[in-house]
Amino acid sequence: MIKNILEYLHSNTTPGEAGNLFWVVVYVLLVFAGVSFGVVFMNWFERKVMAHMQVRLGPMRVGPHGLLQPVADALKLIIKEDLMPANADKLVFWFAPVCVVMTAFCSFIVVPFGRTHAITDMNIGVLFMLGVSSLGVLGVIMAGWASNSHYPLMGSLRSGAQMVSYEIAMSMAVVSAVMMTSMATGTGTLSMIGIVQAQMQQHIWFGFSFFPVGLTAMGVFAIAMVAETNRAPFDLPEAESELVAGFMTEYSGFRWSLFFLAEYTSMMAVSSIATTLWLGGWLRPFPNLLGGANWDTAFSLIPGLTFLLLSALSFYSFTLMPKLRSMRGSTLGLGGFAALLGLLGAFMLLPAVRVRVQDIFWFTLKVAFFMYLYIWYRTTFPRYRFDQLMKIGWKVLLPISIGVVILTALIGVRQELFALVWR
Amino acid sequence: MPQNYVPIFVFLLVAFMVAAGTLVVATVFRPRNPGKVKGMSYECGIEAIDDARQRYTVRFYIVAILFVVFDVETIFLFPWAVQFKQLGAFGFLEMLVFLGILVLGYVWVWKKGALEWI
């Protein structure tokens with residue numbers, strides 16, 4: 001038993017491939033903890049970024065710079081009464097948030113955080129991910145139908161129509177990325193790890209290959225994934241001015257917070273697909289151009305140094321805190337936070353740790369870029385009207401994505417086609 | 001390889017336990033005293049008029065039908081996309097015929113006004 005557990009540490013595969021159930025469970029729990037922590041952090045980060053974009057301060061009271069605000073919110077939601085409408089379908093009403101959370105988290109089964117840092121590597125990884133991420137619409141429809149109220153039903157129908165419309169453009173864009181994997185070797189792959197390795201082989205992230213083609217496919221995906229997760233400017237299902245809160249209107253307390261958790265989780269899930277397909281997944285910048293042992297060491301130092309920099313910044317703000325009796329608690333908290341970040345940074349500089357952590361660091365950085373874009377969109381763009389939304393999905397994105405697929409295929413088979421014509 | 005698919009069930013189990021578990025645990029902490037007014041479905045301050053599950057616009061149905069058509073099409077594209085280098089020019093032309101038929105249907109749907117949202 002113990003021998004079996006230790007053996008995995010020397011193998012160079014994902015726990016799913018190794019068939020090691022113990023490490024599968026450990027990885028599943030780790031991914032769960034990591035993603036939940038990401039959601040909690042995103043909650044704070046979104047409020048802070050939005051506040052600063054609107055020249056406000058945002059949460060400042062609970063913890064240093066409001067860092068503990070999400071924890072306080074979660075506690076509040078747990079002790080809040082949970083209402084269920086008298087004429088609702090009890091079982092479906094109960095199961096809808098559970099279903100949404102399950103489908104949102106399940107996409108992370110195949111996400112490769114690093115060469116070995118994935119729960120499993122299926123040979124149909126991308127298809128699995130697309131399928132699971134589109135299952136989220138089920139929970140939304142269930143929530144709207146079970147509530148038996150006018151606003152939620154309209155909200156869930158809209159949400160369903162919207163998710164379904166953008167699904168097509170999204171999967172078409174994915175087809176073009178899958179085709180790019182076979183450009184060098186001749187055989188393509190659908191496995192998420194295989195796609196990243198193909199980008200390593202071809203010395204380019206697919207977002208930049210065949211210049212406008214890859215970027216267009218990535219753009220289509222980037223727009224479709226915002227609509228898919230019902231975020232601004234496509235947040236029609238939750239348009240406050242028309243539908244109160246869409247399919248979540250009748251939900252309160254902890255059930256509501258499960259929807260919240262699922263929304264942010266699916267945002268992260270689609271961002272991870274985008275990162276894996278077009279931005280090189282876990283690859284660091286210029287893995288081939290700046291290759292070699294020296295560059296490898298230099299780049300593996302970056303995660304630790306980033307954390308040390310953040311620690312120095314927090315320590316600087318710690319020294320700037322006003323020396324008041326009433327502020328003593330938050331001052332100490334900020335100092336402790338700086339110390340924690342510094343310890344983490346120093347830990348990541350250890351040679352044994354840094355080679356294992358660097359992949360996760362680069363992956364997270366790229367996902368964080370997409371997550372920042374989500375917040376940026378929300379503060380920048382006004383909400384679309386529903387007919388405009390359907391028009392963009394069906395009349396703009398779909399033709400573009402079909403064109404991108406044909407163009408990618410043309411680039412791939414151009415020599416055979418020339419041979420056919422000039423024979 | 002079959003062992004690659006085992007983690008799905010582990011993950012589903014953990015996900016269900018986390019979601020349902022938190023709901024069950026929360027019942028310990030939260031108050032529970034439902035009333036007649038609290039149980040009413042949400043409306044703008046007035047009593048809701050009849051059941052919500054009634055007829056709604058046919059547009060949603062059309063969108064669902066169109067989705068099925070196009071989604072099945074993309075599923076057919078995936079196997080070709082993996083092997084398209086080996087299938088070469090012949091496979092490409094075959095796929096162009098397939099896409100051409102689909103685009104024809106798409107144009108017809110567009111002209112018919114099914115993509116219009118009134």
# chains A, B, ... in the order shown; residues from 1 in each chain; ligands from 1

$ interface_residues --of "chain B" --to "chain A" --cutoff "6 Å" --atoms "only C-alpha atoms" --output "CSV table (one decimal) with all heavy atoms, in the first residue's frame"
chain,number,residue,atom,x,y,z
B,3,GLN,N,-8.3,3.3,-17.1
B,3,GLN,CA,-8.1,3.9,-15.8
B,3,GLN,C,-8.0,5.4,-15.8
B,3,GLN,O,-8.2,6.1,-14.8
B,3,GLN,CB,-6.8,3.4,-15.2
B,3,GLN,CG,-5.5,4.0,-15.7
B,3,GLN,CD,-4.9,3.1,-16.7
B,3,GLN,OE1,-5.6,2.3,-17.4
B,3,GLN,NE2,-3.6,3.1,-16.9
B,4,ASN,N,-7.9,6.0,-17.0
B,4,ASN,CA,-8.0,7.5,-17.1
B,4,ASN,C,-9.4,8.0,-16.8
B,4,ASN,O,-9.5,9.2,-16.5
B,4,ASN,CB,-7.6,7.9,-18.6
B,4,ASN,CG,-6.1,8.0,-18.8
B,4,ASN,OD1,-5.4,8.0,-17.8
B,4,ASN,ND2,-5.7,7.9,-20.0
B,15,ALA,N,-17.5,16.2,-5.6
B,15,ALA,CA,-18.3,17.4,-5.9
B,15,ALA,C,-19.7,17.4,-5.3
B,15,ALA,O,-20.1,18.3,-4.7
B,15,ALA,CB,-18.4,17.6,-7.4
B,19,ALA,N,-21.1,20.0,-2.4
B,19,ALA,CA,-22.2,20.8,-2.6
B,19,ALA,C,-23.4,20.5,-1.7
B,19,ALA,O,-23.9,21.3,-1.0
B,19,ALA,CB,-22.7,20.7,-4.1
B,26,ALA,N,-25.3,23.7,6.6
B,26,ALA,CA,-25.8,25.0,6.8
B,26,ALA,C,-27.1,25.0,7.6
B,26,ALA,O,-27.5,25.9,8.3
B,26,ALA,CB,-26.0,25.8,5.5
B,29,PHE,N,-26.9,25.8,11.3
B,29,PHE,CA,-26.6,27.1,11.7
B,29,PHE,C,-27.8,28.1,11.5
B,29,PHE,O,-28.0,29.1,12.2
B,29,PHE,CB,-25.4,27.7,11.1
B,29,PHE,CG,-24.2,26.9,11.4
B,29,PHE,CD1,-23.6,26.1,10.5
B,29,PHE,CD2,-23.6,27.0,12.6
B,29,PHE,CE1,-22.5,25.3,10.8
B,29,PHE,CE2,-22.4,26.3,13.0
B,29,PHE,CZ,-21.9,25.5,12.0
B,30,ARG,N,-28.5,27.8,10.4
B,30,ARG,CA,-29.5,28.9,10.0
B,30,ARG,C,-30.8,28.7,10.7
B,30,ARG,O,-31.2,27.6,11.0
B,30,ARG,CB,-29.6,28.9,8.5
B,30,ARG,CG,-30.2,27.6,8.0
B,30,ARG,CD,-30.5,27.7,6.5
B,30,ARG,NE,-31.1,26.5,6.0
B,30,ARG,CZ,-30.7,25.8,5.0
B,30,ARG,NH1,-29.6,26.1,4.3
B,30,ARG,NH2,-31.3,24.6,4.6
B,31,PRO,N,-31.5,29.8,10.9
B,31,PRO,CA,-32.9,29.7,11.4
B,31,PRO,C,-33.9,29.1,10.4
B,31,PRO,O,-33.6,29.1,9.2
B,31,PRO,CB,-33.2,31.2,11.7
B,31,PRO,CG,-32.4,32.0,10.8
B,31,PRO,CD,-31.2,31.2,10.6
B,39,GLY,N,-43.2,32.4,1.9
B,39,GLY,CA,-43.4,31.3,0.9
B,39,GLY,C,-43.9,31.8,-0.5
B,39,GLY,O,-44.0,31.0,-1.4
B,40,MET,N,-44.4,33.0,-0.5
B,40,MET,CA,-44.9,33.5,-1.8
B,40,MET,C,-43.8,33.7,-2.8
B,40,MET,O,-42.7,34.1,-2.5
B,40,MET,CB,-45.6,34.9,-1.6
B,40,MET,CG,-47.0,34.8,-1.2
B,40,MET,SD,-47.6,36.2,-0.4
B,40,MET,CE,-47.4,37.5,-1.6
B,41,SER,N,-44.1,33.4,-4.1
B,41,SER,CA,-43.1,33.6,-5.1
B,41,SER,C,-42.9,35.1,-5.4
B,41,SER,O,-43.8,35.9,-5.2
B,41,SER,CB,-43.4,32.9,-6.4
B,41,SER,OG,-44.7,33.3,-6.8
B,52,ALA,N,-46.5,30.1,-13.0
B,52,ALA,CA,-45.5,30.7,-13.9
B,52,ALA,C,-45.3,29.8,-15.1
B,52,ALA,O,-44.9,30.3,-16.2
B,52,ALA,CB,-44.2,30.9,-13.2
B,71,ASP,N,-24.7,21.8,-33.4
B,71,ASP,CA,-23.8,21.2,-32.5
B,71,ASP,C,-23.4,19.8,-33.0
B,71,ASP,O,-22.3,19.4,-32.9
B,71,ASP,CB,-24.5,21.0,-31.1
B,71,ASP,CG,-23.5,21.1,-30.0
B,71,ASP,OD1,-22.5,21.8,-30.1
B,71,ASP,OD2,-23.6,20.3,-29.0
B,81,ALA,N,-11.0,16.9,-37.7
B,81,ALA,CA,-9.9,17.8,-37.3
B,81,ALA,C,-8.7,17.1,-36.8
B,81,ALA,O,-7.6,17.6,-37.0
B,81,ALA,CB,-10.5,18.8,-36.3
B,82,VAL,N,-8.9,16.0,-36.1
B,82,VAL,CA,-7.7,15.3,-35.6
B,82,VAL,C,-6.9,14.7,-36.7
B,82,VAL,O,-5.6,14.7,-36.7
B,82,VAL,CB,-8.2,14.2,-34.6
B,82,VAL,CG1,-7.0,13.4,-34.1
B,82,VAL,CG2,-8.9,14.9,-33.4
B,83,GLN,N,-7.5,14.2,-37.7
B,83,GLN,CA,-6.8,13.4,-38.7
B,83,GLN,C,-6.7,14.2,-40.1
B,83,GLN,O,-6.3,13.6,-41.1
B,83,GLN,CB,-7.6,12.1,-39.0
B,83,GLN,CG,-7.5,11.1,-37.9
B,83,GLN,CD,-6.1,10.6,-37.7
B,83,GLN,OE1,-5.4,10.4,-38.6
B,83,GLN,NE2,-5.8,10.3,-36.4
B,85,LYS,N,-4.7,16.1,-41.6
B,85,LYS,CA,-3.4,16.2,-42.3
B,85,LYS,C,-3.3,14.9,-43.1
B,85,LYS,O,-2.8,14.9,-44.3
B,85,LYS,CB,-2.2,16.3,-41.4
B,85,LYS,CG,-2.0,17.8,-41.0
B,85,LYS,CD,-1.4,18.6,-42.1
B,85,LYS,CE,0.1,18.8,-41.9
B,85,LYS,NZ,0.6,19.8,-42.9
B,88,GLY,N,-5.7,14.7,-46.0
B,88,GLY,CA,-5.2,15.5,-47.1
B,88,GLY,C,-6.3,16.3,-47.9
B,88,GLY,O,-7.3,16.6,-47.3
B,89,ALA,N,-6.0,16.5,-49.2
B,89,ALA,CA,-6.8,17.3,-50.0
B,89,ALA,C,-8.2,16.7,-50.2
B,89,ALA,O,-9.2,17.4,-50.2
B,89,ALA,CB,-6.2,17.6,-51.4
B,117,TRP,N,-34.6,38.1,-33.8
B,117,TRP,CA,-35.3,38.1,-32.5
B,117,TRP,C,-36.1,39.4,-32.4
B,117,TRP,O,-35.6,40.4,-32.3
B,117,TRP,CB,-34.2,38.0,-31.4
B,117,TRP,CG,-34.8,37.6,-30.1
B,117,TRP,CD1,-35.6,38.3,-29.2
B,117,TRP,CD2,-34.8,36.3,-29.6
B,117,TRP,NE1,-36.0,37.6,-28.2
B,117,TRP,CE2,-35.5,36.3,-28.4
B,117,TRP,CE3,-34.2,35.1,-30.0
B,117,TRP,CZ2,-35.7,35.2,-27.6
B,117,TRP,CZ3,-34.4,33.9,-29.2
B,117,TRP,CH2,-35.1,34.0,-28.0

$ select_by_dssp --residues "region 161-340 of chain A" --states "alpha helix (DSSP H)" --output "count of residues only"
119

$ residues_around --residues "Pro64 (chain A)" --least-positions-apart "3" --cutoff "9 Å" --atoms "only C-alpha atoms" --output "ChimeraX atom specification"
/A:60-61,67-68,329-334,337

$ closest_residue --among "A:Pro233, A:Pro285, A:Gly66, A:Gly280" --to "Phe299 (chain A)" --atoms "only C-alpha atoms"
A:Pro285

$ atom_distance --atom1 "CA of Ala269 (chain A)" --atom2 "CA of Gly38 (chain A)"
11.3 Å

$ residues_around --residues "region 360-368 of chain A" --least-positions-apart "3" --cutoff "8 Å" --atoms "only C-alpha atoms" --output "PyMOL selection string"
chain A and resi 113-114+117+268+271-272+275+279+281-284+303+356-357+371-372
